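Pasting start.csv here (CSV, C-alpha atoms):
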chain,number,residue,atom,x,y,z
I,1420,MET,CA,0.0,0.0,0.0
I,1421,GLN,CA,2.9,2.4,0.8
I,1422,GLU,CA,4.4,1.7,-2.6
I,1423,GLU,CA,1.1,2.7,-4.3
I,1424,LEU,CA,0.9,5.9,-2.1
I,1425,ASN,CA,4.4,6.7,-3.2
I,1426,GLN,CA,3.3,6.6,-6.8
I,1427,PHE,CA,0.6,9.2,-6.1
I,1428,ASP,CA,3.3,11.4,-4.4
I,1429,LYS,CA,5.8,10.8,-7.3
I,1430,ASN,CA,3.2,11.8,-9.9
I,1431,GLN,CA,2.0,14.8,-7.9
I,1432,VAL,CA,-1.6,13.5,-7.8
I,1433,TRP,CA,-2.2,15.5,-4.6
I,1434,LYS,CA,-0.6,18.2,-2.5
I,1435,LEU,CA,-0.7,18.0,1.3
I,1436,LEU,CA,-1.8,21.2,3.1
I,1437,PRO,CA,-1.8,22.2,6.8
I,1438,LYS,CA,-5.0,21.3,8.6
I,1439,PRO,CA,-7.3,24.4,9.2
I,1440,ALA,CA,-7.7,25.2,12.9
I,1441,ASP,CA,-11.5,24.7,12.8
I,1442,ALA,CA,-11.4,21.4,10.9
I,1443,THR,CA,-11.9,17.9,12.3
I,1444,VAL,CA,-9.9,15.0,11.1
I,1445,ILE,CA,-11.9,11.9,10.1
I,1446,GLY,CA,-10.1,8.7,10.9
I,1447,THR,CA,-9.7,5.9,8.3
I,1448,LYS,CA,-9.0,2.2,8.6
I,1449,TRP,CA,-7.2,0.1,6.0
I,1450,ILE,CA,-8.5,-3.4,5.4
I,1451,PHE,CA,-6.3,-5.7,3.3
I,1452,ARG,CA,-7.4,-8.8,1.4
I,1453,ASN,CA,-5.8,-10.9,-1.3
I,1454,LYS,CA,-7.8,-10.8,-4.5
I,1455,LEU,CA,-8.2,-14.2,-6.3
I,1456,ASN,CA,-9.0,-15.0,-9.9
I,1457,GLU,CA,-11.6,-17.6,-11.0
I,1458,ASP,CA,-9.1,-20.4,-10.4
I,1459,GLY,CA,-8.6,-19.3,-6.8
I,1460,LYS,CA,-5.1,-17.9,-7.4
I,1461,GLU,CA,-3.8,-14.5,-6.3
I,1462,PHE,CA,-3.3,-11.9,-8.9
I,1463,ALA,CA,-2.1,-9.0,-6.8
I,1464,SER,CA,1.1,-8.8,-8.8
I,1465,LEU,CA,-1.0,-8.2,-12.0
I,1466,ILE,CA,-2.8,-5.4,-10.3
I,1467,GLN,CA,0.4,-3.8,-9.2
I,1468,SER,CA,1.9,-4.1,-12.7
I,1469,GLU,CA,-1.1,-2.5,-14.4
I,1470,PHE,CA,-1.2,0.3,-11.7
I,1471,GLU,CA,2.5,1.0,-12.3
I,1472,MET,CA,2.0,1.1,-16.0
I,1473,SER,CA,-1.0,3.5,-15.9
I,1474,MET,CA,0.7,5.8,-13.4
I,1475,MET,CA,4.2,5.9,-15.0
I,1476,GLY,CA,3.7,5.7,-18.8
I,1477,GLU,CA,1.3,5.9,-21.7
I,1478,LEU,CA,-2.1,4.4,-21.0
I,1479,MET,CA,-2.2,0.9,-22.7
I,1480,ILE,CA,-4.8,-1.1,-20.7
I,1481,PHE,CA,-7.9,0.2,-19.0
I,1482,LEU,CA,-10.6,-2.1,-17.5
I,1483,GLY,CA,-9.6,-4.9,-19.9
I,1484,LEU,CA,-9.6,-2.5,-23.0
I,1485,GLN,CA,-6.4,-2.4,-25.0
I,1486,ILE,CA,-5.5,1.1,-26.0
I,1487,GLN,CA,-3.2,2.1,-28.8
I,1488,GLN,CA,-2.4,5.8,-29.4
I,1489,PHE,CA,-1.2,7.1,-32.7
I,1490,GLU,CA,-0.8,10.6,-34.2
I,1491,GLU,CA,-3.9,10.0,-36.3
I,1492,GLY,CA,-6.1,8.9,-33.4
I,1493,THR,CA,-6.7,6.2,-30.8
I,1494,PHE,CA,-7.7,2.5,-31.3
I,1495,MET,CA,-9.5,0.6,-28.6
I,1496,CYS,CA,-10.0,-3.2,-28.7
I,1497,GLN,CA,-10.4,-6.3,-26.6
I,1498,THR,CA,-8.2,-8.6,-28.7
I,1499,LYS,CA,-6.6,-10.4,-25.7
I,1500,TYR,CA,-9.9,-10.8,-24.0
I,1501,THR,CA,-11.5,-12.2,-27.2
I,1502,LYS,CA,-8.7,-14.8,-27.6
I,1503,GLU,CA,-9.1,-15.9,-23.9
I,1504,LEU,CA,-12.9,-16.1,-24.4
I,1505,ILE,CA,-12.5,-18.4,-27.4
I,1506,GLN,CA,-10.1,-20.6,-25.5
I,1507,LYS,CA,-12.2,-20.6,-22.4
I,1508,PHE,CA,-15.2,-22.2,-24.2
I,1509,VAL,CA,-13.0,-24.6,-26.2
I,1510,MET,CA,-13.7,-23.2,-29.6
I,1511,SER,CA,-10.2,-22.5,-30.9
I,1512,SER,CA,-10.6,-25.1,-33.6
I,1513,ALA,CA,-14.0,-24.0,-34.7
I,1514,LYS,CA,-14.5,-22.7,-38.2
I,1515,GLU,CA,-14.9,-18.9,-38.5
I,1516,ILE,CA,-18.2,-17.5,-39.8
I,1517,GLY,CA,-18.5,-14.2,-41.6
I,1518,THR,CA,-21.5,-12.9,-39.7
I,1519,PRO,CA,-22.5,-13.0,-36.0
I,1520,MET,CA,-26.0,-14.3,-36.8
I,1521,SER,CA,-28.0,-15.6,-39.8
I,1522,PRO,CA,-30.5,-13.2,-41.4
I,1523,SER,CA,-33.1,-15.9,-40.9
I,1524,THR,CA,-32.4,-16.3,-37.2
I,1525,SER,CA,-35.6,-15.8,-35.1
I,1526,LEU,CA,-35.1,-17.1,-31.6
I,1527,ASP,CA,-37.9,-18.0,-29.3
I,1528,LYS,CA,-38.3,-20.1,-26.1
I,1529,ASP,CA,-38.1,-23.3,-28.2
I,1530,GLU,CA,-39.7,-25.3,-25.5
I,1531,LYS,CA,-39.8,-28.5,-27.6
I,1532,ARG,CA,-36.0,-28.7,-27.9
I,1533,ASN,CA,-33.6,-30.2,-25.4
I,1534,PRO,CA,-32.3,-27.9,-22.7
I,1535,SER,CA,-28.8,-26.6,-22.7
I,1536,ASP,CA,-26.3,-26.5,-19.8
I,1537,GLU,CA,-27.4,-23.3,-17.9
I,1538,THR,CA,-24.1,-22.7,-16.2
I,1539,ARG,CA,-22.2,-22.9,-19.5
I,1540,TYR,CA,-24.7,-20.7,-21.2
I,1541,HIS,CA,-24.7,-18.1,-18.5
I,1542,GLY,CA,-20.9,-18.0,-18.6
I,1543,MET,CA,-20.9,-17.5,-22.4
I,1544,ILE,CA,-23.5,-14.7,-22.3
I,1545,GLY,CA,-21.7,-12.9,-19.4
I,1546,SER,CA,-18.4,-13.0,-21.3
I,1547,LEU,CA,-20.0,-11.8,-24.5
I,1548,LEU,CA,-21.8,-8.9,-22.8
I,1549,TYR,CA,-18.5,-7.6,-21.5
I,1550,LEU,CA,-17.1,-7.8,-25.0
I,1551,THR,CA,-19.8,-5.4,-26.3
I,1552,ALA,CA,-17.8,-2.6,-24.6
I,1553,SER,CA,-15.8,-2.4,-27.8
I,1554,ARG,CA,-17.8,-4.5,-30.2
I,1555,PRO,CA,-21.1,-2.9,-31.2
I,1556,ASP,CA,-21.3,-5.3,-34.1
I,1557,VAL,CA,-22.3,-8.1,-31.8
I,1558,MET,CA,-24.5,-6.1,-29.5
I,1559,PHE,CA,-27.9,-7.0,-31.0
I,1560,ILE,CA,-27.5,-10.8,-31.1
I,1561,VAL,CA,-25.8,-11.0,-27.7
I,1562,CYS,CA,-28.6,-9.1,-26.1
I,1563,LYS,CA,-31.1,-11.2,-28.0
I,1564,CYS,CA,-29.5,-14.4,-26.7
I,1565,SER,CA,-29.3,-13.1,-23.2
I,1566,ARG,CA,-33.1,-13.1,-23.0
I,1567,PHE,CA,-33.2,-16.9,-22.8
I,1568,GLN,CA,-30.8,-17.4,-19.8
I,1569,SER,CA,-33.6,-18.7,-17.6
I,1570,ALA,CA,-34.1,-21.8,-19.7
I,1571,PRO,CA,-31.6,-22.0,-22.6
I,1572,LYS,CA,-32.2,-24.6,-25.2
I,1573,GLU,CA,-29.9,-26.1,-27.9
I,1574,SER,CA,-31.0,-23.6,-30.5
I,1575,HIS,CA,-29.9,-20.8,-28.2
I,1576,LEU,CA,-26.5,-22.3,-27.5
I,1577,THR,CA,-26.1,-22.8,-31.3
I,1578,ALA,CA,-26.7,-19.1,-31.8
I,1579,VAL,CA,-24.2,-18.2,-29.1
I,1580,LYS,CA,-21.6,-20.5,-30.6
I,1581,ARG,CA,-22.1,-18.8,-34.0
I,1582,ILE,CA,-21.2,-15.5,-32.3
I,1583,ILE,CA,-17.9,-16.9,-31.1
I,1584,CYS,CA,-17.2,-18.4,-34.5
I,1585,TYR,CA,-17.7,-14.9,-35.9
I,1586,LEU,CA,-15.2,-13.6,-33.3
I,1587,ILE,CA,-12.6,-16.1,-34.4
I,1588,GLY,CA,-12.3,-14.2,-37.7
I,1589,THR,CA,-12.6,-10.7,-36.3
I,1590,ILE,CA,-10.4,-10.9,-33.2
I,1591,SER,CA,-8.6,-7.7,-33.9
I,1592,TYR,CA,-11.8,-5.6,-34.4
I,1593,GLY,CA,-12.3,-2.6,-32.2
I,1594,LEU,CA,-13.2,1.1,-32.1
I,1595,TRP,CA,-11.2,3.8,-33.9
I,1596,TYR,CA,-11.3,7.3,-32.6
I,1597,PRO,CA,-9.6,9.6,-35.2
I,1598,ARG,CA,-7.9,12.8,-34.0
I,1599,SER,CA,-10.2,15.7,-35.0
I,1600,ASN,CA,-11.3,19.2,-33.9
I,1601,LYS,CA,-14.9,18.6,-35.2
I,1602,PHE,CA,-17.3,17.6,-32.5
I,1603,LYS,CA,-20.7,17.5,-34.1
I,1604,LEU,CA,-23.0,15.3,-32.0
I,1605,GLU,CA,-25.2,13.0,-34.0
I,1606,GLY,CA,-27.6,10.2,-33.2
I,1607,PHE,CA,-28.9,7.3,-35.4
I,1608,SER,CA,-31.8,5.0,-34.6
I,1609,ASP,CA,-33.7,2.1,-36.1
I,1610,ALA,CA,-36.4,-0.4,-34.9
I,1611,ASP,CA,-38.2,-3.5,-36.1
I,1612,LEU,CA,-41.9,-4.1,-35.6
I,1613,ALA,CA,-43.0,-6.9,-33.2
I,1614,GLY,CA,-39.7,-8.6,-33.8
I,1615,ASP,CA,-39.8,-10.7,-30.6
I,1616,LYS,CA,-41.8,-13.9,-31.4
I,1617,GLU,CA,-42.8,-14.4,-27.7
I,1618,ASP,CA,-44.4,-11.1,-26.7
I,1619,ARG,CA,-44.5,-9.2,-30.1
I,1620,LYS,CA,-42.5,-6.3,-28.7
I,1621,SER,CA,-40.2,-4.3,-31.0
I,1622,THR,CA,-36.4,-3.9,-30.5
I,1623,SER,CA,-34.7,-0.5,-30.6
I,1624,GLY,CA,-31.2,0.1,-31.9
I,1625,THR,CA,-29.4,3.4,-31.4
I,1626,CYS,CA,-25.9,4.8,-31.6
I,1627,GLN,CA,-24.4,8.2,-31.0
I,1628,LEU,CA,-21.3,9.8,-32.5
I,1629,LEU,CA,-19.2,12.8,-31.5
I,1630,GLY,CA,-17.6,13.8,-34.8
I,1631,LYS,CA,-16.5,10.5,-36.3
I,1632,ALA,CA,-16.1,8.8,-33.0
I,1633,LEU,CA,-18.7,6.3,-31.8
I,1634,ILE,CA,-19.3,7.1,-28.1
I,1635,SER,CA,-22.5,5.2,-27.2
I,1636,TRP,CA,-24.7,2.4,-28.6
I,1637,ASN,CA,-27.7,0.4,-27.5
I,1638,SER,CA,-29.9,-2.5,-28.5
I,1639,LYS,CA,-32.9,-3.0,-26.3
I,1640,LYS,CA,-36.4,-4.5,-26.4
I,1641,GLN,CA,-39.1,-1.8,-26.1
I,1642,GLY,CA,-41.1,-1.6,-22.9
I,1643,SER,CA,-44.4,-1.0,-24.7
I,1644,PHE,CA,-46.3,-2.6,-27.6
I,1645,ALA,CA,-45.9,-0.6,-30.9
I,1646,LEU,CA,-49.0,-0.9,-33.2
I,1647,SER,CA,-47.1,0.3,-36.3
I,1648,THR,CA,-43.7,0.8,-37.7
I,1649,THR,CA,-44.0,4.5,-37.2
I,1650,GLU,CA,-44.8,4.1,-33.5
I,1651,ALA,CA,-41.8,1.8,-33.0
I,1652,GLU,CA,-39.5,4.2,-34.8
I,1653,TYR,CA,-40.8,7.2,-32.6
I,1654,ILE,CA,-40.1,5.2,-29.5
I,1655,THR,CA,-36.6,4.5,-30.7
I,1656,ILE,CA,-36.0,8.1,-31.7
I,1657,GLY,CA,-37.1,9.2,-28.2
I,1658,GLN,CA,-34.6,6.9,-26.6
I,1659,SER,CA,-31.8,8.2,-28.9
I,1660,CYS,CA,-32.7,11.8,-28.1
I,1661,ALA,CA,-32.6,11.1,-24.4
I,1662,GLN,CA,-29.1,9.6,-24.7
I,1663,LEU,CA,-28.0,12.6,-26.7
I,1664,LEU,CA,-29.3,15.0,-24.1
Written as structure tokens, how would this file's structure read?
Amino acid sequence: MQEELNQFDKNQVWKLLPKPADATVIGTKWIFRNKLNEDGKEFASLIQSEFEMSMMGELMIFLGLQIQQFEEGTFMCQTKYTKELIQKFVMSSAKEIGTPMSPSTSLDKDEKRNPSDETRYHGMIGSLLYLTASRPDVMFIVCKCSRFQSAPKESHLTAVKRIICYLIGTISYGLWYPRSNKFKLEGFSDADLAGDKEDRKSTSGTCQLLGKALISWNSKKQGSFALSTTEAEYITIGQSCAQLL
């Protein structure tokens, strides 16, 4: 802990000042605990390494995001995380597929099919949801598959595996933020009509850009029932405007 405090002092993060005469000092208490990874092993040394890197040099990793800075702009990706995800679910030898979902895919509860391993399915969905932090191209289908976590079937697992097969061929994909002095804020939206086969609700899709930089994106089932395409689009536009504001 003292080594980390020394880093703050070395980088002039704060400046100590004399205590005012009328101020009361609030005491603090340090509680130490060794953090463990999913295998039960300590990874304190990894935390210290990343802390040192972020404090002492150019930012390269932030919350799992790999960051590369160039004169033309900044590139953010999760290549390392994607490789680990593929290996974690034993799909390294799977054949890559050019799209994250088939245009004809229309998932429902599929109650007549055999159930899938819930623990495995939950793990795959959780891992993919974290990946959407830099991969808006899989946002829609990942959110679609996440709706069936309570009772996943083989068809749902097949759809999730296809996403991972798509990732195999697009491991290095990420977000590019070009250097620019233009900061025009724009929003785009789209919606289907009654696209969910179970409850006939529509799904909204929105994204917001600052200049040429994508800064926010969303894919979400609408809370109300749209009676027409126009109504579904208006609901989506409202969500996009709220995000812009």
Requested in this report: Mind giving me the straight-line distance from atom CA of Leu1547 of chain I to atom CA of Val1561 of chain I in Å, one decimal?
Outcome: 6.7 Å
Report task. Record the distance separating atom CA of Gly1642 of chain I and atom CA of Asp1615 of chain I, expressed in Å with one decimal. Result -> 12.0 Å
Name the residues in contact with segment 1589-1599 of chain I at a cut-off of 9 Å, using only C-alpha atoms, excluding same-chain residues fewer than 3 positions from it; report them as a compact mmCIF listing (two decimals) with C-alpha atoms, in the frame of the given file.
# COMPACT_ATOMS: atom_id res chain seq x y z
CA PHE I 1489 -1.20 7.10 -32.70
CA GLU I 1490 -0.80 10.60 -34.20
CA GLU I 1491 -3.90 10.00 -36.30
CA GLY I 1492 -6.10 8.90 -33.40
CA THR I 1493 -6.70 6.20 -30.80
CA PHE I 1494 -7.70 2.50 -31.30
CA MET I 1495 -9.50 0.60 -28.60
CA CYS I 1496 -10.00 -3.20 -28.70
CA GLN I 1497 -10.40 -6.30 -26.60
CA THR I 1498 -8.20 -8.60 -28.70
CA LYS I 1499 -6.60 -10.40 -25.70
CA THR I 1501 -11.50 -12.20 -27.20
CA LYS I 1502 -8.70 -14.80 -27.60
CA GLU I 1515 -14.90 -18.90 -38.50
CA GLY I 1517 -18.50 -14.20 -41.60
CA SER I 1553 -15.80 -2.40 -27.80
CA ARG I 1554 -17.80 -4.50 -30.20
CA PRO I 1555 -21.10 -2.90 -31.20
CA TYR I 1585 -17.70 -14.90 -35.90
CA LEU I 1586 -15.20 -13.60 -33.30
CA PHE I 1602 -17.30 17.60 -32.50
CA GLY I 1630 -17.60 13.80 -34.80
CA LYS I 1631 -16.50 10.50 -36.30
CA ALA I 1632 -16.10 8.80 -33.00
CA LEU I 1633 -18.70 6.30 -31.80
Query raised in the report: Which residues, written as number ranges by chain, have at least one atom at most 12 Å from Ile1583 of chain I, with only C-alpha atoms counted and residues fewer than 6 positions away on the same chain left out?
Result: I: 1501-1520, 1543-1544, 1546-1547, 1550, 1557, 1560-1561, 1576-1577, 1589-1590
Using C-alpha atoms, can you write the selected residues to a file as a PDB file, in the frame of the given file?
ATOM      1  CA  THR I1501     -11.500 -12.200 -27.200  1.00  0.00           C
ATOM      2  CA  LYS I1502      -8.700 -14.800 -27.600  1.00  0.00           C
ATOM      3  CA  GLU I1503      -9.100 -15.900 -23.900  1.00  0.00           C
ATOM      4  CA  LEU I1504     -12.900 -16.100 -24.400  1.00  0.00           C
ATOM      5  CA  ILE I1505     -12.500 -18.400 -27.400  1.00  0.00           C
ATOM      6  CA  GLN I1506     -10.100 -20.600 -25.500  1.00  0.00           C
ATOM      7  CA  LYS I1507     -12.200 -20.600 -22.400  1.00  0.00           C
ATOM      8  CA  PHE I1508     -15.200 -22.200 -24.200  1.00  0.00           C
ATOM      9  CA  VAL I1509     -13.000 -24.600 -26.200  1.00  0.00           C
ATOM     10  CA  MET I1510     -13.700 -23.200 -29.600  1.00  0.00           C
ATOM     11  CA  SER I1511     -10.200 -22.500 -30.900  1.00  0.00           C
ATOM     12  CA  SER I1512     -10.600 -25.100 -33.600  1.00  0.00           C
ATOM     13  CA  ALA I1513     -14.000 -24.000 -34.700  1.00  0.00           C
ATOM     14  CA  LYS I1514     -14.500 -22.700 -38.200  1.00  0.00           C
ATOM     15  CA  GLU I1515     -14.900 -18.900 -38.500  1.00  0.00           C
ATOM     16  CA  ILE I1516     -18.200 -17.500 -39.800  1.00  0.00           C
ATOM     17  CA  GLY I1517     -18.500 -14.200 -41.600  1.00  0.00           C
ATOM     18  CA  THR I1518     -21.500 -12.900 -39.700  1.00  0.00           C
ATOM     19  CA  PRO I1519     -22.500 -13.000 -36.000  1.00  0.00           C
ATOM     20  CA  MET I1520     -26.000 -14.300 -36.800  1.00  0.00           C
ATOM     21  CA  MET I1543     -20.900 -17.500 -22.400  1.00  0.00           C
ATOM     22  CA  ILE I1544     -23.500 -14.700 -22.300  1.00  0.00           C
ATOM     23  CA  SER I1546     -18.400 -13.000 -21.300  1.00  0.00           C
ATOM     24  CA  LEU I1547     -20.000 -11.800 -24.500  1.00  0.00           C
ATOM     25  CA  LEU I1550     -17.100  -7.800 -25.000  1.00  0.00           C
ATOM     26  CA  VAL I1557     -22.300  -8.100 -31.800  1.00  0.00           C
ATOM     27  CA  ILE I1560     -27.500 -10.800 -31.100  1.00  0.00           C
ATOM     28  CA  VAL I1561     -25.800 -11.000 -27.700  1.00  0.00           C
ATOM     29  CA  LEU I1576     -26.500 -22.300 -27.500  1.00  0.00           C
ATOM     30  CA  THR I1577     -26.100 -22.800 -31.300  1.00  0.00           C
ATOM     31  CA  THR I1589     -12.600 -10.700 -36.300  1.00  0.00           C
ATOM     32  CA  ILE I1590     -10.400 -10.900 -33.200  1.00  0.00           C
TER      33      ILE I1590
END
Contact check, segment 1551-1594 of chain I to segment 1530-1540 of chain I, at most 9 Å, counting only C-alpha atoms, closest pairs as JSON lines:
{"residue": "I:Gln1568", "atom": "CA", "partner": "I:Glu1537", "partner_atom": "CA", "distance": 7.1}
{"residue": "I:Ser1569", "atom": "CA", "partner": "I:Glu1537", "partner_atom": "CA", "distance": 7.7}
{"residue": "I:Ala1570", "atom": "CA", "partner": "I:Pro1534", "partner_atom": "CA", "distance": 7.0}
{"residue": "I:Pro1571", "atom": "CA", "partner": "I:Ser1535", "partner_atom": "CA", "distance": 5.4}
{"residue": "I:Lys1572", "atom": "CA", "partner": "I:Pro1534", "partner_atom": "CA", "distance": 4.1}
{"residue": "I:Glu1573", "atom": "CA", "partner": "I:Ser1535", "partner_atom": "CA", "distance": 5.3}
{"residue": "I:Ser1574", "atom": "CA", "partner": "I:Arg1532", "partner_atom": "CA", "distance": 7.6}
{"residue": "I:His1575", "atom": "CA", "partner": "I:Ser1535", "partner_atom": "CA", "distance": 8.1}
{"residue": "I:Leu1576", "atom": "CA", "partner": "I:Tyr1540", "partner_atom": "CA", "distance": 6.7}
{"residue": "I:Val1579", "atom": "CA", "partner": "I:Tyr1540", "partner_atom": "CA", "distance": 8.3}
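Rounded to one decimal, atom CA of Gly1624 of chain I and atom CA of His1541 of chain I lie 23.5 Å from each other.
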Requested in this report: May I have the protein, DNA and RNA residues with any atom at most 9 Å from the point (-33.0, -11.8, -31.0), counting only C-alpha atoms, written as a ChimeraX atom specification?
Outcome: /I:1524-1527,1559-1566,1614-1615,1622
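Distance check against Lys1620 of chain I using only C-alpha atoms: of I:Lys1580, I:Lys1438, I:Lys1454, I:Lys1639, the minimum falls on I:Lys1639.
Distances to Leu1604 of chain I were evaluated for I:Ile1480, I:Met1420, I:Ile1445, I:Ile1634 using only C-alpha atoms, and the minimum falls at I:Ile1634.
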